[in-house]
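Asker: Dropping in coords-v2.cif, which is mmCIF, C-alpha atoms:
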data_input
#
loop_
_atom_site.label_atom_id
_atom_site.label_comp_id
_atom_site.auth_asym_id
_atom_site.auth_seq_id
_atom_site.Cartn_x
_atom_site.Cartn_y
_atom_site.Cartn_z
CA MET A 1 -133.69 37.68 162.33
CA ASN A 2 -130.32 36.01 162.12
CA GLN A 3 -128.51 37.32 159.08
CA ILE A 4 -125.17 35.61 159.67
CA PRO A 5 -125.67 32.63 157.30
CA ALA A 6 -126.83 34.99 154.55
CA ILE A 7 -123.84 37.28 155.17
CA ILE A 8 -121.44 34.35 154.89
CA ARG A 9 -123.12 33.05 151.71
CA VAL A 10 -123.21 36.43 149.99
CA PHE A 11 -119.65 37.51 150.76
CA ALA A 12 -118.07 34.12 150.09
CA TYR A 13 -119.79 34.13 146.70
CA LEU A 14 -118.77 37.72 145.95
CA SER A 15 -115.17 37.01 146.88
CA LEU A 16 -114.86 34.49 144.05
CA LEU A 17 -115.93 37.12 141.54
CA THR A 18 -113.21 39.63 142.40
CA VAL A 19 -111.01 38.72 139.44
CA GLY A 20 -108.78 41.70 138.69
CA GLY A 21 -110.03 43.73 141.64
CA GLY A 22 -112.84 44.34 144.08
CA MET A 23 -114.76 46.45 141.57
CA ALA A 24 -115.31 43.37 139.42
CA ALA A 25 -117.79 42.07 141.99
CA PHE A 26 -119.61 45.41 142.34
CA PRO A 27 -122.54 44.72 139.96
CA GLU A 28 -123.27 41.43 141.77
CA MET A 29 -122.75 43.10 145.13
CA LYS A 30 -125.34 45.72 144.24
CA VAL A 31 -127.90 43.04 143.36
CA LEU A 32 -127.30 40.97 146.51
CA THR A 33 -126.80 43.59 149.22
CA VAL A 34 -129.26 46.19 147.87
CA ASP A 35 -131.98 44.39 145.88
CA VAL A 36 -132.09 40.93 147.46
CA HIS A 37 -131.17 41.37 151.13
CA LYS A 38 -131.79 45.11 151.49
CA TRP A 39 -128.90 45.52 153.93
CA VAL A 40 -128.04 48.89 152.36
CA THR A 41 -129.47 51.25 149.74
CA PHE A 42 -127.66 51.76 146.43
CA GLN A 43 -126.56 55.23 147.56
CA GLN A 44 -125.23 53.84 150.85
CA LEU A 45 -123.33 51.11 149.00
CA ILE A 46 -121.73 53.70 146.72
CA HIS A 47 -120.88 55.92 149.69
CA LEU A 48 -119.31 53.08 151.67
CA TYR A 49 -117.31 51.89 148.69
CA SER A 50 -116.05 55.39 147.98
CA VAL A 51 -115.13 56.18 151.57
CA GLY A 52 -113.33 52.82 151.63
CA GLN A 53 -110.99 54.10 148.92
CA MET A 54 -109.53 56.51 151.49
CA ALA A 55 -108.81 53.75 154.01
CA PRO A 56 -105.41 52.02 153.98
CA GLY A 57 -105.07 48.32 153.22
CA PRO A 58 -107.08 46.15 150.82
CA ASN A 59 -109.63 48.46 149.18
CA MET A 60 -112.81 46.47 149.85
CA MET A 61 -112.88 46.84 153.62
CA MET A 62 -116.28 48.49 153.27
CA ILE A 63 -117.68 44.96 153.40
CA VAL A 64 -116.96 45.13 157.14
CA ALA A 65 -119.35 48.08 157.43
CA ILE A 66 -122.06 46.22 155.48
CA GLY A 67 -121.58 43.14 157.67
CA GLN A 68 -121.82 45.28 160.77
CA TRP A 69 -125.06 46.90 159.62
CA ALA A 70 -126.60 43.58 158.70
CA GLY A 71 -125.48 41.54 161.70
CA GLY A 72 -123.58 43.61 164.27
CA MET A 73 -120.05 42.82 165.38
CA LEU A 74 -120.48 39.15 164.51
CA GLY A 75 -121.79 40.14 161.09
CA ALA A 76 -118.70 42.26 160.47
CA VAL A 77 -116.38 39.38 161.37
CA ALA A 78 -118.45 36.95 159.28
CA ALA A 79 -118.30 39.26 156.25
CA LEU A 80 -114.55 39.67 156.67
CA ILE A 81 -113.80 35.95 156.92
CA ALA A 82 -116.26 35.02 154.15
CA PHE A 83 -114.90 37.67 151.79
CA PHE A 84 -111.20 36.94 152.28
CA GLY A 85 -111.19 33.27 153.30
CA PRO A 86 -112.07 31.47 150.05
CA THR A 87 -109.73 33.50 147.84
CA ALA A 88 -106.97 33.18 150.43
CA VAL A 89 -107.21 29.38 150.34
CA LEU A 90 -107.25 29.46 146.55
CA ALA A 91 -104.21 31.74 146.36
CA PHE A 92 -102.40 29.50 148.83
CA VAL A 93 -103.07 26.37 146.81
CA VAL A 94 -102.04 28.11 143.60
CA ALA A 95 -98.88 29.47 145.26
CA ARG A 96 -97.87 25.89 145.97
CA GLY A 97 -98.78 24.57 142.51
CA TRP A 98 -97.96 27.47 140.18
CA LYS A 99 -94.20 26.84 140.17
CA LYS A 100 -94.77 23.29 138.97
CA LEU A 101 -96.91 24.62 136.15
CA GLU A 102 -94.13 26.82 134.81
CA LYS A 103 -93.64 24.57 131.78
CA TRP A 104 -97.37 24.17 131.18
CA PRO A 105 -98.09 26.18 128.01
CA TRP A 106 -101.68 27.02 129.03
CA ARG A 107 -100.42 28.92 132.05
CA THR A 108 -99.49 31.88 129.86
CA SER A 109 -102.73 31.50 127.90
CA ILE A 110 -104.77 31.77 131.09
CA GLN A 111 -102.90 34.87 132.22
CA GLN A 112 -103.19 36.53 128.81
CA GLY A 113 -106.83 35.54 128.39
CA LEU A 114 -107.97 36.68 131.81
CA ALA A 115 -106.28 40.09 131.52
CA PRO A 116 -108.84 41.69 129.14
CA VAL A 117 -111.77 40.01 130.92
CA SER A 118 -110.70 41.21 134.34
CA ILE A 119 -110.19 44.75 133.05
CA GLY A 120 -113.64 44.54 131.43
CA LEU A 121 -115.14 43.46 134.76
CA LEU A 122 -113.54 46.45 136.51
CA LEU A 123 -114.95 48.74 133.84
CA ALA A 124 -118.41 47.16 134.12
CA GLY A 125 -118.30 47.66 137.89
CA CYS A 126 -117.25 51.24 137.34
CA PHE A 127 -120.22 51.87 135.01
CA THR A 128 -122.62 50.29 137.50
CA MET A 129 -121.31 52.60 140.18
CA ALA A 130 -121.31 55.63 137.87
CA LYS A 131 -125.06 55.19 137.34
CA GLY A 132 -125.53 56.07 140.99
CA ALA A 133 -122.58 58.36 141.54
CA ILE A 134 -122.58 60.56 138.44
CA SER A 135 -125.85 62.46 138.49
CA ASP A 136 -125.06 65.91 137.11
CA VAL A 137 -122.43 68.06 135.40
CA GLU A 138 -120.57 68.71 138.65
CA THR A 139 -120.11 65.03 139.58
CA ALA A 140 -119.08 64.21 135.99
CA ALA A 141 -116.52 67.01 136.13
CA ILE A 142 -115.07 65.68 139.40
CA ALA A 143 -114.72 62.16 137.94
CA VAL A 144 -113.09 63.38 134.72
CA GLY A 145 -110.86 65.74 136.69
CA VAL A 146 -109.59 62.95 138.93
CA LEU A 147 -109.01 60.70 135.90
CA LEU A 148 -107.02 63.37 134.04
CA ILE A 149 -104.92 64.28 137.07
CA LEU A 150 -104.07 60.63 137.77
CA MET A 151 -103.14 59.99 134.14
CA ARG A 152 -100.88 63.04 134.10
CA TYR A 153 -99.27 63.20 137.54
CA LYS A 154 -97.96 60.78 140.12
CA ILE A 155 -100.15 61.72 143.05
CA ASN A 156 -101.63 59.65 145.85
CA PRO A 157 -105.20 58.71 144.76
CA ALA A 158 -106.43 58.82 148.36
CA LEU A 159 -105.67 62.55 148.41
CA LEU A 160 -107.80 63.08 145.31
CA VAL A 161 -110.71 61.17 146.83
CA LEU A 162 -110.33 63.38 149.91
CA GLY A 163 -110.26 66.37 147.55
CA GLY A 164 -113.58 65.09 146.17
CA ALA A 165 -115.02 65.42 149.67
CA VAL A 166 -113.90 69.04 149.92
CA ILE A 167 -115.29 69.90 146.48
CA GLY A 168 -118.47 68.06 147.43
CA VAL A 169 -119.00 70.17 150.53
CA ILE A 170 -118.34 73.36 148.55
CA SER A 171 -120.56 72.46 145.56
CA PHE A 172 -123.42 70.40 146.95
CA MET A 173 -124.25 72.04 150.29
CA PRO A 174 -127.78 73.42 150.12
CA LYS A 175 -127.46 77.19 150.14
CA MET B 1 -74.25 39.61 141.24
CA SER B 2 -72.62 37.00 143.43
CA GLU B 3 -74.35 38.53 146.41
CA THR B 4 -77.81 38.01 144.91
CA GLY B 5 -76.72 34.55 143.84
CA ALA B 6 -75.79 33.71 147.38
CA LYS B 7 -79.05 35.15 148.65
CA ARG B 8 -80.98 33.06 146.18
CA ALA B 9 -79.17 29.93 147.30
CA LEU B 10 -79.98 30.78 150.90
CA GLU B 11 -83.63 31.29 150.06
CA ARG B 12 -83.74 28.06 148.16
CA ALA B 13 -82.27 26.30 151.14
CA ALA B 14 -84.92 27.90 153.34
CA ASP B 15 -87.65 26.84 150.90
CA ALA B 16 -86.35 23.30 150.84
CA ALA B 17 -86.29 23.23 154.61
CA THR B 18 -89.90 24.42 154.82
CA ALA B 19 -91.01 22.03 152.11
CA SER B 20 -89.45 19.06 153.87
CA GLY B 21 -91.70 19.90 156.78
CA GLY B 22 -88.99 20.23 159.37
CA LYS B 23 -88.53 23.24 161.59
CA ALA B 24 -86.25 25.19 159.30
CA SER B 25 -83.03 26.63 160.62
CA ALA B 26 -84.12 29.88 162.22
CA SER B 27 -81.25 31.94 160.83
CA ALA B 28 -82.51 32.06 157.23
CA GLU B 29 -86.17 32.24 158.06
CA VAL B 30 -88.36 35.25 158.72
CA SER B 31 -90.42 34.79 161.88
CA ILE B 32 -94.22 34.86 162.04
CA GLY B 33 -94.04 37.94 164.25
CA GLN B 34 -91.89 39.83 161.76
CA ILE B 35 -94.24 38.92 158.91
CA PHE B 36 -97.32 39.98 160.89
CA LEU B 37 -95.76 43.27 161.95
CA GLU B 38 -94.51 44.20 158.47
CA PHE B 39 -97.90 43.51 156.87
CA LEU B 40 -99.66 45.30 159.72
CA ILE B 41 -97.58 48.39 158.96
CA ILE B 42 -98.40 48.10 155.25
CA GLY B 43 -102.08 47.62 156.15
CA ALA B 44 -102.06 50.75 158.29
CA THR B 45 -100.12 53.07 156.00
CA SER B 46 -100.97 52.09 152.42
CA PHE B 47 -103.24 54.99 151.56
CA GLY B 48 -104.27 55.12 147.93
CA GLY B 49 -103.32 51.61 146.78
CA VAL B 50 -101.35 48.80 148.36
CA VAL B 51 -99.04 47.65 145.55
CA PRO B 52 -96.40 50.41 145.72
CA TYR B 53 -96.24 50.04 149.51
CA LEU B 54 -95.80 46.27 149.20
CA ARG B 55 -92.92 46.76 146.82
CA GLY B 56 -91.29 49.42 148.98
CA SER B 57 -91.51 47.28 152.06
CA LEU B 58 -90.90 43.71 150.86
CA VAL B 59 -88.41 44.35 148.05
CA THR B 60 -86.64 47.59 148.89
CA LYS B 61 -86.66 47.67 152.68
CA ARG B 62 -86.69 44.03 153.81
CA HIS B 63 -85.25 42.20 150.78
CA TRP B 64 -87.61 39.32 151.53
CA ILE B 65 -88.29 38.91 147.81
CA ASP B 66 -86.54 40.36 144.76
CA ASP B 67 -88.07 42.49 142.04
CA LYS B 68 -88.53 39.63 139.61
CA GLU B 69 -90.37 37.53 142.18
CA PHE B 70 -92.50 40.55 143.07
CA VAL B 71 -93.63 41.08 139.48
CA GLU B 72 -94.31 37.37 139.03
CA MET B 73 -96.34 37.14 142.24
CA LEU B 74 -98.27 40.25 141.21
CA SER B 75 -99.17 38.73 137.86
CA ILE B 76 -100.39 35.57 139.61
CA SER B 77 -102.39 37.73 142.05
CA GLN B 78 -104.05 39.54 139.18
CA SER B 79 -105.16 36.35 137.41
CA LEU B 80 -106.74 34.92 140.55
CA PRO B 81 -109.97 35.90 142.26
CA GLY B 82 -109.24 38.00 145.31
CA LEU B 83 -107.76 41.44 145.80
CA ASN B 84 -104.17 42.07 144.76
CA ALA B 85 -103.33 43.14 148.30
CA THR B 86 -104.57 39.99 150.03
CA ASN B 87 -103.37 37.61 147.31
CA MET B 88 -99.90 39.14 147.56
CA ALA B 89 -100.01 38.73 151.34
CA ILE B 90 -100.83 35.03 150.91
CA LEU B 91 -98.15 34.44 148.26
CA VAL B 92 -95.39 36.30 150.11
CA GLY B 93 -96.40 34.83 153.48
CA GLU B 94 -96.34 31.35 151.99
CA LYS B 95 -92.89 31.88 150.55
CA LEU B 96 -91.49 33.20 153.82
CA HIS B 97 -93.11 30.88 156.33
CA GLY B 98 -95.60 28.47 154.77
CA ALA B 99 -99.25 28.40 155.83
CA LYS B 100 -98.65 30.24 159.10
CA GLY B 101 -96.81 32.97 157.21
CA SER B 102 -99.77 33.38 154.87
CA ILE B 103 -102.23 33.69 157.75
CA ALA B 104 -100.02 36.17 159.62
CA ALA B 105 -99.60 38.33 156.51
CA LEU B 106 -103.31 38.23 155.66
CA ILE B 107 -104.47 39.21 159.16
CA GLY B 108 -101.79 41.90 159.36
CA ILE B 109 -102.71 43.59 156.10
CA CYS B 110 -106.49 43.43 156.76
CA LEU B 111 -106.68 44.41 160.42
CA PRO B 112 -106.11 48.20 160.34
CA GLY B 113 -108.47 48.88 157.41
CA ALA B 114 -111.12 46.54 158.84
CA VAL B 115 -111.14 48.28 162.23
CA LEU B 116 -111.20 51.68 160.54
CA MET B 117 -114.11 50.78 158.25
CA TYR B 118 -116.01 49.27 161.19
CA ILE B 119 -115.81 52.63 162.95
CA VAL B 120 -116.57 54.57 159.76
CA GLY B 121 -119.60 52.32 159.14
CA MET B 122 -121.00 53.07 162.58
CA PHE B 123 -120.36 56.79 162.16
CA TYR B 124 -121.99 56.80 158.72
CA ARG B 125 -125.01 54.93 160.04
CA VAL B 126 -125.64 57.67 162.59
CA HIS B 127 -124.55 60.76 160.66
CA GLY B 128 -124.91 59.61 157.03
CA ASP B 129 -127.93 61.82 156.36
CA HIS B 130 -126.47 65.10 157.63
CA VAL B 131 -126.38 67.62 154.80
CA TRP B 132 -122.64 68.16 154.91
CA VAL B 133 -121.90 64.42 154.99
CA THR B 134 -124.20 63.83 152.02
CA ALA B 135 -122.57 66.69 150.11
CA ALA B 136 -119.04 65.46 150.87
CA LEU B 137 -119.89 61.86 149.93
CA LYS B 138 -121.38 62.96 146.63
CA GLY B 139 -117.97 64.42 145.78
CA VAL B 140 -116.12 61.40 147.17
CA ALA B 141 -118.18 58.96 145.09
CA ALA B 142 -117.59 60.95 141.90
CA ALA B 143 -113.86 61.06 142.62
CA ALA B 144 -113.86 57.29 143.23
CA VAL B 145 -115.36 56.74 139.76
CA GLY B 146 -112.47 58.75 138.28
CA LEU B 147 -110.03 56.68 140.30
CA ILE B 148 -111.40 53.35 139.04
CA LEU B 149 -111.31 54.66 135.46
CA SER B 150 -107.65 55.57 135.88
CA THR B 151 -106.95 52.06 137.22
CA VAL B 152 -108.64 50.62 134.14
CA MET B 153 -106.59 52.88 131.85
CA GLY B 154 -103.35 51.95 133.60
CA LEU B 155 -104.06 48.22 133.43
CA SER B 156 -105.09 48.48 129.77
CA LYS B 157 -101.76 50.05 128.89
CA THR B 158 -99.71 47.38 130.65
CA SER B 159 -101.69 44.17 130.11
CA LEU B 160 -103.69 44.43 126.90
CA ALA B 161 -101.97 43.09 123.80
CA GLY B 162 -103.56 43.78 120.43
CA LYS B 163 -107.01 44.69 119.12
CA PHE B 164 -108.65 41.47 120.16
CA ASP B 165 -107.98 42.09 123.83
CA PHE B 166 -109.99 45.30 123.51
CA VAL B 167 -112.78 43.28 121.89
CA PHE B 168 -112.78 40.84 124.83
CA MET B 169 -112.81 43.76 127.24
CA ALA B 170 -115.75 45.36 125.42
CA LEU B 171 -117.61 42.03 125.29
CA THR B 172 -117.21 41.70 129.06
CA VAL B 173 -118.65 45.16 129.69
CA ILE B 174 -121.58 44.56 127.31
CA ALA B 175 -122.34 41.16 128.85
CA VAL B 176 -122.48 42.60 132.38
CA ASN B 177 -124.00 46.04 131.83
CA GLN B 178 -126.24 45.58 128.76
CA LEU B 179 -127.14 41.89 128.61
CA HIS B 180 -127.18 41.53 132.42
CA LEU B 181 -125.62 38.09 132.12
CA GLY B 182 -124.17 38.40 135.62
CA VAL B 183 -120.51 38.43 136.53
CA PRO B 184 -120.00 34.63 136.93
CA ARG B 185 -121.48 33.67 133.56
CA THR B 186 -119.63 36.50 131.83
CA LEU B 187 -116.40 35.45 133.47
CA VAL B 188 -116.80 31.85 132.31
CA VAL B 189 -118.04 32.56 128.77
CA VAL B 190 -115.79 35.47 127.76
CA GLY B 191 -112.92 34.12 129.87
CA ILE B 192 -112.90 30.79 128.04
CA LEU B 193 -113.15 32.53 124.66
CA ALA B 194 -110.20 34.78 125.52
CA ILE B 195 -108.09 31.93 126.91
CA LEU B 196 -108.77 29.85 123.79
CA PHE B 197 -107.81 32.84 121.64
CA HIS B 198 -104.51 33.05 123.53
CA ARG B 199 -104.02 29.26 123.35
CA PRO B 200 -100.48 27.97 123.08
CA ARG B 201 -99.25 27.97 119.48
CA LYS B 202 -96.82 25.45 118.09
CA ASP B 203 -94.50 28.07 116.58
CA GLU B 204 -93.81 29.80 119.92
CA LYS B 205 -92.89 26.66 121.74
CA LYS B 206 -90.81 28.26 124.44
CA GLY B 207 -93.79 30.45 125.45
CA ALA B 208 -92.74 33.90 126.56
CA THR B 209 -92.85 33.69 130.33
CA LEU B 210 -94.66 36.75 131.63
#
Can you dump the structure from the file as structure tokens?
Answerer:
Amino acid sequence: MNQIPAIIRVFAYLSLLTVGGGMAAFPEMKVLTVDVHKWVTFQQLIHLYSVGQMAPGPNMMMIVAIGQWAGGMLGAVAALIAFFGPTAVLAFVVARGWKKLEKWPWRTSIQQGLAPVSIGLLLAGCFTMAKGAISDVETAAIAVGVLLILMRYKINPALLVLGGAVIGVISFMPK
Amino acid sequence: MSETGAKRALERAADAATASGGKASASAEVSIGQIFLEFLIIGATSFGGVVPYLRGSLVTKRHWIDDKEFVEMLSISQSLPGLNATNMAILVGEKLHGAKGSIAALIGICLPGAVLMYIVGMFYRVHGDHVWVTAALKGVAAAAVGLILSTVMGLSKTSLAGKFDFVFMALTVIAVNQLHLGVPRTLVVVGILAILFHRPRKDEKKGATL
């Protein structure tokens, strides 16, 4: 069955929800890619997202992997264009217009108002993911450990995610 | 001081040239190839978050934009849908070389990660159920949760002002996770409430520019 139109629809829609960061769209992404279209399982979605945090560049490139699973090479390209196209056009238009709006008093209001909402969306996405990713004392300890280390020290987060892999192999391998 | 002044004037001249639609004088302009290459390098090396790499490359190394512009573009990027990394690529590309600059920057910053995740996706599809992969990914996913939480903490410190912002943040989380309103409806409802709360007041006429 040809999944390309569905891939384009889903990822173009998701792209418009990524206010504040990719995680903001995660709850919707779970519903659409897992429950509705069944392209991936919830565990697979969590795994792909997490592995994606170790890749360089924009941190939602895991959508390429989902597109590839759902529709092959063409699916991957479709997901990529659908996910980055609409917001790119929007940013471009705003880049042209924003300077002219400098004197518009609501400009500051919009920025100030969207800040708490976008942070809330990130947090909501984080909780959605935690439901699948934090399943026992060990996983909770890893998450809290990473949080504390990042709050305390300037260290590259990708290294900590990689460290999670090492701890995972040590703690969760069946004996 | 005078040096930056001169640079600004030069940039303004370049902007004006681009805006007037003519082929701008090549001397002041950054070429499409240079833009693509620089963003490709950022896209291939920015492990653990793009923003510091963008700053290091565009502000410190290339002097394509100054620090003030960088912060302003970043705040625009954060208010818009889209990832910071790609929105910044569009904004900087547009400033340097119009629409073509935006496209070059966007493709450059996306390409390395996209190719990598394509390969990772195929690998995971075949080997994803091996015991050691499952064990490693369990740890990776838990670490990623910690990472997102730290991003949330960092952003809260820099961009939340006052108690009410925490209320709006909490409302957003409750609407998505407890009431299952969905992200779009939450964004519209709580977003409008928060924007109205931060509406322009008469007494602070010359609104503090962020």
Asker: Residues proximal to (-120.1, 47.7, 141.9) were defined as those with any atom within 6 Å of that point in the file's coordinates, counting only C-alpha atoms. Which are they, as a PyMOL selection string?
Answerer: chain A and resi 23+26-27+125+128-129
Asker: Please identify all polymer residues within 12 Å of stretch 42-50 of chain B, counting only C-alpha atoms, omitting same-chain residues fewer than 3 positions from it, and present them as a PyMOL selection string.
Answerer: (chain A and resi 21+50-61+150+154-162) or (chain B and resi 35-39+53-58+74+83-89+105-116+144+147-148+151)
Asker: If you measure from atom CA of B:Val120 to atom CA of A:Ala76, what distance in Å do you get, rounded to one decimal?
Answerer: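 That distance, rounded to one decimal, is 12.5 Å.
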Asker: Using only C-alpha atoms, can you tell me which of A:Ala65, A:Leu32, A:Leu90, A:Arg96 comes closest to chain B?
Answerer: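 Looking only at the distances to chain B, the closest residue turns out to be A:Ala65.
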Asker: When you look at B:Ser150 with a cut-off of 10 Å (counting all atoms listed in the file), what residues show up, excluding the ones that are within fewer than 4 positions of it in the same chain? I need them as an NGL selection string.
Answerer: (:A and (143-144 or 146-151 or 157)) or (:B and (144-146 or 154-156))
Asker: When you look at stretch 124-136 of chain B with a cut-off of 10 Å (counting only C-alpha atoms), what residues show up, excluding the ones that are within fewer than 5 positions of it in the same chain? I need them as a list in words.
Answerer: Gln43, Gln44, His47, Leu48, Val51, Ala65, Trp69, Leu162, Gly163, Gly164, Ala165, Val166, Ile167, Gly168, Val169, Ile170, Ser171, Phe172, Met173 and Pro174 of chain A; Met117, Tyr118, Ile119 and Ala141 of chain B
Asker: Could you tell me how far atom CA of A:Ile110 lies from atom CA of B:Asp165, in Å and to one decimal?
Answerer: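 Result for atom CA of A:Ile110 versus atom CA of B:Asp165: 13.0 Å, one decimal.
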